[in-house]
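Peer 1: Structure provided below as C-alpha cells; questions to follow.
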Amino acid sequence: MVRATKTRDVPSAVPSAVPSADELTPLRLLDVDGTALGPPPMSEALTLEALRLMKLSRALDALATKLQRLGRIGIYGPVHGQEASVVGSAFALDPARDWIVPATREQPAMLRHGLPLDRMLARYMGRIDHARIPDGVNLLPRSEAIAAQLPHAAGLAWGLKLRRVRAAVLVYLGEGASSEGDFHESANLAGVLGAPLVMFLQNNGYAISTPAATQSAARSLAARALGYGFDGCRVDGNDLFAVYAATRQALQRALDGHGPTLIESLTYRIGFHNTTDNPKAYRDDAEVAQAVERDPIGRVERYLARLGRWDDAQAEEMRESIDRELQTALATAASAAPPTPEAVFEHVYADPPDRIRRQREEAVALRRSAGA
Ligand SMILES: Cc1ncc(C[n+]2csc(CCOP(=O)(O)OP(=O)(O)O)c2C)c(N)n1
C-alpha cells in the first residue's frame with residue numbers, strides 16, 4: 001500500500017518558510033484572489049519577470065494559432081492555461097547549470113532557458129537550419145513521441161552525476177506520458193542510480209481527448225515516486241509560487257545528491273491539444289469556464305495589483321513590448337532560408353549508410369532534372 005505521508009529530509013538551503021508539498025495534498029502558496037498564503041518565494045521583480053513570460057507565452061499561442069490557420073507554420077500545441085506550471089518550474093532552474101528536457105508544450109521554459117524566440121518560431125516554420133539550439137544552451141529538442149524524452153533525461157542526469165558536475169535535469173511530461181513504459185523505466189533507473197533528475201509531470205486533465213480519470217486509477221500520480229524509492233509531491237499547477245517553490249526544493253535535493261523527485265503539477269489545458277484538435281468534441285464549455293476562473297495569469301496580476309505593483313497602464317505597456325518582441329522574432333524567422341528537399345536526409349546519421357547516400361543522390365538528380 002502506498003503511504004500517504006513520509007518523512008522527507010528537506011535540505012537546509014531551502015527557505016524554512018516554504019512548506020513542503022506531499023504526495024496527495026497539492027501545495028498552494030498563492031490564492032486564486034491573489035492573496036499570498038505565507039512569505040512569497042519570489043521577489044516582486046522576479047514575479048514581474050515571470051508574469052511577462054507568462055503573458056508572452058499566451059500571446060505566442062494566439063499568434064502561432066493565427067499563423068497555422070494562414071498556412072505559415074505547422075502544427076502548434078498551445079500552453080494556454082499551463083503558464084504558471086511551465087514558467088514557475090523554469091524560473092527555479094539556473095540556465096547556465098541545469099538542463100531542460102521538454103515534452104511538447106513548454107515553449108516559455110525553452111525561451112527562459114536560452115532558446116531565442118526567432119529560432120523557436122523557425123522550428124515551427126520548418127526553417128530547420130535557423131532552428132538549431134545554440135551551443136551552450138542546456139536544452140534538448142522537443143519530443144513529439146510521447147515519453148521518449150524520459151530515458152534521454154535519465155541518461156543525461158546520470159551522465160552529469162558520473163562526471164561529478166553539480167547540475168540537475170528537469171524533464172517535462174504529461175499525465176498521458178506517465179502511462180508509457182518509458183516513464184516507469186526512466187523513473188526506476190533514475191531512482192536506482194540516484195540521478196539528479198526532476199520529473200515535472202503536468203497533469204493538465206487530458207491526453208488529447210482522454211480525461212485524466214480514464215488515464216489512471218491512481219489517486220495521485222506523485223505517489224508513484226515512492227514505488228521507485230524517491231519523493232513525490234503535488235502542487236497547484238496554476239499557482240506560480242507553489243510551482244516555483246516545489247521545483248526549487250526538488251532541484252536542491254538533486255544538487256545535494258538526494259536523487260530524483262517527481263512533481264505532479266495539477267493544472268488544466270484551457271486551449272486545444274494542438275491546432276488539429278477540436279476540444280468541444282470531448283469536453284463541456286462549463287468545465288472550461290470553471291478553469292478560466294482559476295487562470296494562472298490573473299492570479300499573479302491580482303497579487304501584484306494588491307502590492308501596488310500592477311495597473312492597467314503597465315499591462316498595456318507590457319502588451320505592446322511583447323507584441324514588438326514577437327513581431328521582430330517572426331520577421332527574423334521568416335527571413336531564414338527554407339530547407340532544400342535533400343535536407344530530409346541530414347542530421348540523422350553522422351556517417352550515413354550507402355542506402356541513404358544513394359537516396360539522397362537520387363533526390364538531388366530528380367530535383368535538377370525537374371529544373372528546381
Ligand atoms: C508514442 C506516441 N504515442 C502516441 C502519440 C500521439 N499523441 C500525441 S500527444 C498525445 C497525448 C499526450 O498527453 P499528455 O502526455 O498528457 O501530454 P499533453 O499533450 O496533455 O501535454 C498522444 C497520445 C505520440 N505522439 N507518441
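Naming scheme: A, B, ... for chains in displayed order of the C-alpha cells; residues 1 onward per chain; ligands 1 onward as shown.
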Using only C-alpha atoms and all ligand atoms, which residues have at least one atom no more than 7 Å from ligand 1? Output them as a PyMOL selection string.
Peer 2: chain A and resi 104-105+144-147+173-178+203-204+206-208+273
Peer 1: Run DSSP on the backbone of this structure and report the residues of range 113-224 of chain A it assigns to strand (DSSP E or B), as a PyMOL selection string.
Peer 2: chain A and resi 139+169-174+197-203+206-207+210-211
Peer 1: Residues as selected, N, CA and C atoms, written as a PDB file, in the first residue's frame, can you do that?
Peer 2:
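Ended up saving to out.pdb:
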```pdb
ATOM      1  N   LEU A 139      19.649  22.575 -23.366  1.00  0.00           N
ATOM      2  CA  LEU A 139      18.278  22.238 -23.729  1.00  0.00           C
ATOM      3  C   LEU A 139      18.290  21.138 -24.785  1.00  0.00           C
ATOM      4  N   VAL A 169      18.792  17.934 -14.013  1.00  0.00           N
ATOM      5  CA  VAL A 169      18.000  17.885 -15.238  1.00  0.00           C
ATOM      6  C   VAL A 169      16.539  17.958 -14.849  1.00  0.00           C
ATOM      7  N   LEU A 170      15.793  18.837 -15.517  1.00  0.00           N
ATOM      8  CA  LEU A 170      14.344  18.870 -15.312  1.00  0.00           C
ATOM      9  C   LEU A 170      13.691  18.382 -16.602  1.00  0.00           C
ATOM     10  N   VAL A 171      12.911  17.319 -16.470  1.00  0.00           N
ATOM     11  CA  VAL A 171      12.241  16.778 -17.660  1.00  0.00           C
ATOM     12  C   VAL A 171      10.731  16.970 -17.495  1.00  0.00           C
ATOM     13  N   TYR A 172      10.099  17.454 -18.564  1.00  0.00           N
ATOM     14  CA  TYR A 172       8.642  17.645 -18.559  1.00  0.00           C
ATOM     15  C   TYR A 172       7.944  16.428 -19.152  1.00  0.00           C
ATOM     16  N   LEU A 173       6.779  16.127 -18.601  1.00  0.00           N
ATOM     17  CA  LEU A 173       5.936  15.088 -19.182  1.00  0.00           C
ATOM     18  C   LEU A 173       4.485  15.379 -18.831  1.00  0.00           C
ATOM     19  N   GLY A 174       3.571  14.776 -19.571  1.00  0.00           N
ATOM     20  CA  GLY A 174       2.156  14.924 -19.255  1.00  0.00           C
ATOM     21  C   GLY A 174       1.658  13.689 -18.529  1.00  0.00           C
ATOM     22  N   LEU A 197      17.612  14.219 -11.097  1.00  0.00           N
ATOM     23  CA  LEU A 197      16.541  14.389 -12.075  1.00  0.00           C
ATOM     24  C   LEU A 197      15.274  14.895 -11.386  1.00  0.00           C
ATOM     25  N   VAL A 198      14.660  15.923 -11.968  1.00  0.00           N
ATOM     26  CA  VAL A 198      13.337  16.369 -11.514  1.00  0.00           C
ATOM     27  C   VAL A 198      12.353  16.002 -12.622  1.00  0.00           C
ATOM     28  N   MET A 199      11.426  15.102 -12.299  1.00  0.00           N
ATOM     29  CA  MET A 199      10.413  14.713 -13.282  1.00  0.00           C
ATOM     30  C   MET A 199       9.208  15.610 -13.049  1.00  0.00           C
ATOM     31  N   PHE A 200       8.967  16.527 -13.952  1.00  0.00           N
ATOM     32  CA  PHE A 200       7.911  17.520 -13.760  1.00  0.00           C
ATOM     33  C   PHE A 200       6.702  17.119 -14.602  1.00  0.00           C
ATOM     34  N   LEU A 201       5.750  16.511 -13.912  1.00  0.00           N
ATOM     35  CA  LEU A 201       4.583  15.942 -14.599  1.00  0.00           C
ATOM     36  C   LEU A 201       3.441  16.958 -14.588  1.00  0.00           C
ATOM     37  N   GLN A 202       3.087  17.437 -15.764  1.00  0.00           N
ATOM     38  CA  GLN A 202       1.964  18.384 -15.844  1.00  0.00           C
ATOM     39  C   GLN A 202       0.681  17.595 -16.072  1.00  0.00           C
ATOM     40  N   ASN A 203      -0.101  17.518 -15.009  1.00  0.00           N
ATOM     41  CA  ASN A 203      -1.402  16.851 -15.143  1.00  0.00           C
ATOM     42  C   ASN A 203      -2.408  17.929 -15.558  1.00  0.00           C
ATOM     43  N   TYR A 206      -6.118  16.241 -19.567  1.00  0.00           N
ATOM     44  CA  TYR A 206      -6.413  15.487 -20.789  1.00  0.00           C
ATOM     45  C   TYR A 206      -5.139  15.056 -21.517  1.00  0.00           C
ATOM     46  N   ALA A 207      -5.187  13.860 -22.095  1.00  0.00           N
ATOM     47  CA  ALA A 207      -4.190  13.433 -23.077  1.00  0.00           C
ATOM     48  C   ALA A 207      -4.961  13.390 -24.410  1.00  0.00           C
ATOM     49  N   THR A 210      -8.462  11.973 -23.973  1.00  0.00           N
ATOM     50  CA  THR A 210      -8.591  11.038 -22.837  1.00  0.00           C
ATOM     51  C   THR A 210      -8.504  11.798 -21.516  1.00  0.00           C
ATOM     52  N   PRO A 211      -9.591  11.803 -20.727  1.00  0.00           N
ATOM     53  CA  PRO A 211      -9.533  12.535 -19.449  1.00  0.00           C
ATOM     54  C   PRO A 211      -8.615  11.831 -18.458  1.00  0.00           C
TER      55      PRO A 211
END
```
Peer 1: Counting only C-alpha atoms, give me one row per residue of range 139-212 of chain A with an atom at most 12 Å from an atom of range 120-133 of chain A, showing the shortest contact pair and its distance in Å to one decimal, sorted by chain then residue number, as JSON lines.
Peer 2:
```
{"residue": "A:Leu139", "atom": "CA", "partner": "A:Ile133", "partner_atom": "CA", "distance": 7.5}
{"residue": "A:Leu140", "atom": "CA", "partner": "A:Ile133", "partner_atom": "CA", "distance": 8.0}
{"residue": "A:Pro141", "atom": "CA", "partner": "A:Ile133", "partner_atom": "CA", "distance": 7.6}
{"residue": "A:Arg142", "atom": "CA", "partner": "A:Arg123", "partner_atom": "CA", "distance": 10.2}
```
Peer 1: Go ahead and save the picked residues with C-alpha atoms, as a tab-separated table (two decimals), in the first residue's frame.
Peer 2:
```tsv
chain	number	residue	atom	x	y	z
A	139	LEU	CA	18.28	22.24	-23.73
A	140	LEU	CA	17.24	19.15	-25.66
A	141	PRO	CA	14.80	19.44	-28.59
A	142	ARG	CA	11.06	18.95	-28.08
```
Peer 1: Just want the 8 Å neighbourhood of Leu30 in chain A, counted on only C-alpha atoms, with same-chain residues fewer than 5 positions away dropped. Output as a ChimeraX atom specification.
Peer 2: /A:35-37,239-242,299
Peer 1: Of the candidates A:Phe91, A:Trp99, A:Tyr244, A:Tyr349, which one gets nearest to Leu156 in chain A if we count only C-alpha atoms?
Peer 2: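 Residue with the minimum atom-to-atom distance to Leu156 in chain A: A:Trp99.
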Peer 1: Run DSSP on the backbone of this structure and report the residues of range 156-275 of chain A it assigns to helix (DSSP H, G or I), as a ChimeraX atom specification.
Peer 2: /A:156-162,177-179,181-193,212-215,224-227,240-255
Peer 1: Save out the residues we just selected, C-alpha atoms, as a compact mmCIF listing (two decimals), in the first residue's frame.
Peer 2:
```txt
# COMPACT_ATOMS: atom_id res chain seq x y z
CA LEU A 156 21.65 12.87 -19.13
CA ALA A 157 21.21 13.19 -15.35
CA TRP A 158 23.20 10.01 -14.75
CA GLY A 159 25.94 11.35 -17.04
CA LEU A 160 26.16 14.57 -15.00
CA LYS A 161 26.48 12.50 -11.84
CA LEU A 162 29.19 10.27 -13.33
CA ALA A 177 3.06 10.07 -20.85
CA SER A 178 3.07 8.66 -17.31
CA SER A 179 1.23 5.58 -18.63
CA GLY A 181 6.69 2.13 -20.32
CA ASP A 182 9.36 4.78 -20.87
CA PHE A 183 8.09 6.63 -17.79
CA HIS A 184 8.37 3.62 -15.48
CA GLU A 185 11.73 2.51 -16.87
CA SER A 186 13.18 6.00 -16.54
CA ALA A 187 11.84 6.54 -13.02
CA ASN A 188 13.16 3.16 -11.92
CA LEU A 189 16.59 3.76 -13.44
CA ALA A 190 16.87 7.29 -12.08
CA GLY A 191 15.87 6.06 -8.60
CA VAL A 192 18.39 3.22 -8.59
CA LEU A 193 21.18 5.48 -9.85
CA ALA A 212 -7.09 12.07 -16.56
CA ALA A 213 -9.67 9.97 -14.70
CA THR A 214 -9.57 7.41 -17.51
CA GLN A 215 -5.79 7.62 -17.83
CA ARG A 224 4.14 6.66 -7.74
CA ALA A 225 7.55 8.12 -6.86
CA LEU A 226 7.54 6.17 -3.59
CA GLY A 227 7.49 2.93 -5.57
CA LEU A 240 3.27 30.35 -9.83
CA PHE A 241 4.69 30.48 -6.29
CA ALA A 242 3.86 26.88 -5.38
CA VAL A 243 5.35 25.55 -8.60
CA TYR A 244 8.48 27.67 -8.18
CA ALA A 245 8.99 26.70 -4.51
CA ALA A 246 8.41 22.97 -5.04
CA THR A 247 10.75 22.89 -8.04
CA ARG A 248 13.42 24.76 -6.08
CA GLN A 249 13.18 22.15 -3.32
CA ALA A 250 13.37 19.27 -5.77
CA LEU A 251 16.32 20.85 -7.52
CA GLN A 252 18.15 21.44 -4.26
CA ARG A 253 17.65 17.78 -3.37
CA ALA A 254 19.06 16.72 -6.72
CA LEU A 255 22.08 19.04 -6.38
```
Peer 1: By how many Å are CA of Asp98 in chain A and CA of Leu111 in chain A apart?
Peer 2: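 About the pair CA of Asp98 in chain A and CA of Leu111 in chain A: they are 14.2 Å apart.
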Peer 1: If you measure from CA of His258 in chain A to CA of Gly194 in chain A, what distance in Å do you get, rounded to one decimal?
Peer 2: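 Computing it gives 6.7 Å between the two atoms.
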Peer 1: Grab the CA of Ser216 in chain A to CA of Glu264 in chain A distance for me, in Å with one decimal place.
Peer 2: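 CA of Glu264 in chain A lies at a distance of 13.6 Å from CA of Ser216 in chain A.
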Peer 1: Would you list the contacts of Leu24 in chain A as a list in words, taking every protein, DNA or RNA residue within 7 Å and counting only C-alpha atoms, but skipping same-chain residues closer than 2 positions in sequence?
Peer 2: Ala4, Asp22, Pro26, Ser220 and Arg234 of chain A
Peer 1: Write out as a list in words which residues come within 12 Å of Gln68 in chain A when counting only C-alpha atoms, dropping same-chain ones fewer than 3 positions away.
Peer 2: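 Once the nearby chain positions are removed, what remains is Leu60, Asp61, Ala62, Leu63, Ala64, Thr65, Gly71, Arg72, Ile73, Gly74, Ile75, Tyr76, Gly77, Pro78, Leu121, Tyr124, Met125, Asn274, Thr275 and Thr276 of chain A.
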Peer 1: Given the choices A:Ala50, A:Ala217, A:Ala167, A:Met110, which gets closest to Arg97 in chain A if the distance is worked out from only C-alpha atoms?
Peer 2: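 Of A:Ala50, A:Ala217, A:Ala167, A:Met110, the one nearest Arg97 in chain A is A:Ala167, counting only C-alpha atoms.
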Peer 1: Using only C-alpha atoms, which of the listed residues (A:Val348, A:Val300, A:Val101, A:Pro116) sits closest to His152 in chain A?
Peer 2: A:Val101
Peer 1: In terms of the shortest atom-to-atom distance over only C-alpha atoms, which of A:Ala337, A:Ala96, A:Ala59, A:Ala350 is closest to Val137 in chain A?
Peer 2: A:Ala96
Peer 1: I'd like a table as CSV: residues in range 20-85 of chain A with an atom no more than 7 Å from range 106-109 of chain A, each row giving the shortest atom pair and its distance in Å to one decimal, only C-alpha atoms counted, sorted by chain and rising residue number.
Peer 2:
```
residue,atom,partner,partner_atom,distance
A:Leu53,CA,A:Pro108,CA,6.5
A:Ser57,CA,A:Pro108,CA,5.8
A:Val79,CA,A:Glu106,CA,6.8
```
Peer 1: May I ask which of the residues A:Pro352, A:Ala333, A:Ser209, A:Ala313 is the closest one to Tyr282 in chain A, counting only C-alpha atoms?
Peer 2: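 Of the candidates, the smallest distance to Tyr282 in chain A is held by A:Ser209.
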Peer 1: With only C-alpha atoms as the counted atoms, please give the residues lying no more than 10 Å from Ile297 in chain A, apart from itself and same-chain residues fewer than 6 positions off, as a ChimeraX atom specification.
Peer 2: /A:50-52,54-55,58,80-84,238-240
Peer 1: Limited to N, CA and C atoms, could you put the picked residues into a file as a compact mmCIF listing (two decimals), in the first residue's frame?
Peer 2:
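Below is the file that was written, again_15.txt:
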```txt
# COMPACT_ATOMS: atom_id res chain seq x y z
N ALA A 50 8.46 36.91 -14.35
CA ALA A 50 7.73 35.68 -14.66
C ALA A 50 6.38 36.00 -15.31
N LEU A 51 5.73 37.06 -14.81
CA LEU A 51 4.43 37.45 -15.39
C LEU A 51 4.60 37.82 -16.86
N ARG A 52 5.68 38.53 -17.17
CA ARG A 52 5.89 38.92 -18.58
C ARG A 52 6.04 37.68 -19.46
N MET A 54 4.86 34.71 -18.85
CA MET A 54 3.55 34.04 -18.94
C MET A 54 2.68 34.72 -19.99
N LYS A 55 2.73 36.05 -20.00
CA LYS A 55 1.92 36.80 -20.97
C LYS A 55 2.48 36.65 -22.38
N ARG A 58 1.22 33.41 -23.69
CA ARG A 58 -0.20 33.46 -24.10
C ARG A 58 -0.32 34.16 -25.46
N HIS A 80 -1.64 27.52 -23.23
CA HIS A 80 -2.78 28.23 -22.63
C HIS A 80 -3.38 27.51 -21.41
N GLY A 81 -3.26 28.15 -20.25
CA GLY A 81 -3.78 27.59 -19.01
C GLY A 81 -2.68 27.00 -18.14
N GLN A 82 -1.56 26.65 -18.74
CA GLN A 82 -0.48 25.98 -18.01
C GLN A 82 0.72 26.90 -17.78
N GLU A 83 0.52 28.20 -17.93
CA GLU A 83 1.67 29.12 -17.89
C GLU A 83 2.38 29.13 -16.53
N ALA A 84 1.63 29.05 -15.43
CA ALA A 84 2.28 29.08 -14.11
C ALA A 84 3.13 27.82 -13.93
N ASN A 238 -1.52 25.93 -11.11
CA ASN A 238 -1.92 27.27 -11.57
C ASN A 238 -1.43 28.35 -10.61
N ASP A 239 -0.54 27.92 -9.71
CA ASP A 239 0.00 28.81 -8.68
C ASP A 239 1.50 28.95 -8.94
N LEU A 240 1.86 30.11 -9.47
CA LEU A 240 3.27 30.35 -9.83
C LEU A 240 4.20 30.09 -8.65
```
